[in-house]
Amino acid sequence: MSLHKKMMVVFTLAITFTFFSLILLLQFYIRPLNTRRIENNTVQLMQARASELGSWLNQRISELRIIHQFPGCQTMDFEQIKPYLAQLNEVLKEQYGNPEETFAVGGLDGRGWVNDNLTIDVSARPYFREAVTTNKEYVISQPVVSKSDRNAIFLICYPIRGESGETIGFINGSVNLARFSEITDSIDVYGGLVWLMNREGSLYTVSRESELSQELSAQDLQSIARRADSQEAGCLYQTVQSGRQTALFYSSVPYADDWILCAMVENSRIHAATTQMIHILALACLALLLAAVLFTSLLSASVLRPIGQLQKNMAQVAEGNLDSFYKGFGNDEISVLGRSFNQMLIELKRLIDQLMKEQQQKRQAELRALQSQINPHFLYNTLDTIQWKALEYQAMDIAEMIQLLSQLFRLSLNNGKEIVTVAEELAHVRNYLAIQKIRYGDAVSYALEAEPSVTRCRIPKLILQPLVENAIYHGIKPAGRPGKIEIRLWAEETSLCLQVADNGAGMTPQALKEVRRNLALSLETDHYGLYNVNERLRLRYGNACRLHVKSETGKGTCVSLQLPLAETLADNPLIS
């Protein structure tokens with residue numbers, strides 16, 4: 001039997017069998033099954049909507065986390081906190097639904113600053129006491145009335161904890177219940193009534209509160225909350241005060257301990273959807289049976305022709321013709337397969353071209369690598385020649401500087417290695433300072449102190465020299481008097497500590513603040529050595545390293561580095 005006839009017979013038998021099977025199963029299986037499916041889908045929908053609410057709530061909590069990390073909050077410095085909160089209130093008030101103020105910050109006495117005209121006292125509020133006496137990251141309050149505008153709100157209370165983990169204050173973020181009502185009103189569950197409450201039956205939505213109270217009493221809400229305690233999401237059946245039979249779908253809301261998102265739908269609406277689906281299925285099956293007999297022949301022919309064409313193209317490609325593209329049109333599976341075949345040919349040709357280019361680039365890279373090996377040796381040989389000429393003419397200072405410069409270059413290049421021992425880095429710094437000593441004479445002196453235990457530690461090269469250079473050109477030279485640079489290296493618990501200090505001109509408080517800000521934001525300035533060291537350490541160690549700058553006008557500057565000691569040990573297999 002030909003493929004054409006096989007397709008006609010198989011399609012007709014399959015559709016006929018499906019039609020009669022569905023007729024038998026419609027009343028006995030599909031109706032209850034579809035009802036359960038709708039219930040499950042609706043429960044999943046409620047879970048998805050609850051997750052969206054949780055995500056929205058988590059976004060608010062994340063904003064409170066950011067406020068908590070603000071340096072002013074860690075020190076409870078209201079001179080920094082007030083303008084910061086004022087700016088946040090202006091930016092985020094639409095998210096929280098507040099026309100006025102959104103955030104408050106206060107201490108353990110419960111008194112919080114909202115703005116210069118408004119303070120609050122929440123010391124007696126249960127959510128505040130829970131927040132400051134437990135280890136919870138945050139606590140969500142019951143619905144309350146805002147002191148600033150008398151609107152119904154709820155509060156997210158986020159305790160402020162110091163560096164040692166003790167609670168030193170609190171941050172309140174107020175969310176207007178009208179804003180939450182807008183979110184729940186946008187949820188459509190078969191046209192039913194949607195609301196948000198906690199497990200004590202308290203409502204967090206206000207727009208349809210009167211409509212809800214006509215159907216369910218406060219005792220009904222509490223009963224629903226108790227029945228919903230057994231699982232995170234599900235479906236309950238409830239007879240409301242008007243006598244209607246309803247299905248109540250619920251789901252717990254993430255990031256809120258006791259919030260429940262609820263939707264109440266009449267049973268008739270659920271069954272109406274099931275009945276409509278059964279009618280559509282019956283009509284579709286009947287139409288499909290009639291259409292199959294009429295169009296199977298045309299369908300099979302339309303499928304076989306492009307398959308034959310595609311087979312021919314594949315045979316030509318197998319013979320090496322990469323320009324044998326499929327020329328069919330349409331949006332059916334064969335056309336999609338043909339376009340995929342064409343795309344495969346294009347990609348194959350591109351990969352062949354790319355491979356040729358990569359081979360060419362590889363050869364060029366190897367040539368450049370060989371050339372780059374010549375340049376350092378040429379530089380060393382040239383410096384050696386100049387040194388011998390200087391010795392020949394008895395120019396001892398010049399010969400010494402050339403020798404130091406040659407050693408400096410050798411240590412800087414270090415055969416291409418990015419990681420060096422502390423001892424190698426100190427040798428590089430000594431050579432640099434020796435050159436500067438010859439240049440500036442008694443105007444520059446230095447002291448270098450390193451614990452023997454740290455000299456074998458391995459660090460990125462050229463970490464100390466840029467800091468020393470920065471001390472000379474931004475500290476000692478501007479001071480206009482002889483200066484001294486002190487370099488110290490030691491181990492401290494889990495850190496390798498490096499310090500470069502000078503007694504030069506120092507920085508004004510405003511200049512120091514600008515330098516610290518630029519380092520925190522990775523902004524390049526005229527203190528390029530500081531910026532370069534800071535960025536390289538960040539790229540290698542991330543947040544595990546610290547660079548701190550202290551300075552005082554007329555007294556000098558001190559730059560301190562802290563690197564993770566475990567990552568600098570010589571026997572660490574991760575160091576390369």
# chains A, B, ... in the order shown; residues from 1 in each chain; ligands from 1

$ residues_around --residues "segment 113-124 of chain A" --least-positions-apart "5" --cutoff "8 Å" --atoms "only C-alpha atoms" --output "list in words"
Lys82, Ala86, Glu101, Thr102, Phe103, Ala104, Val105, Gly106, Arg129, Lys147 and Ser148 of chain A

$ select_by_dssp --residues "segment 167-324 of chain A" --states "strand (DSSP E)" --output "VMD selection string"
chain A and resid 167 to 176 193 to 198 233 to 239 245 to 252 259 to 266

$ closest_residue --among "A:Ala263, A:Leu496, A:Met76, A:Ile67" --to "Gly162 of chain A" --atoms "only C-alpha atoms"
A:Met76
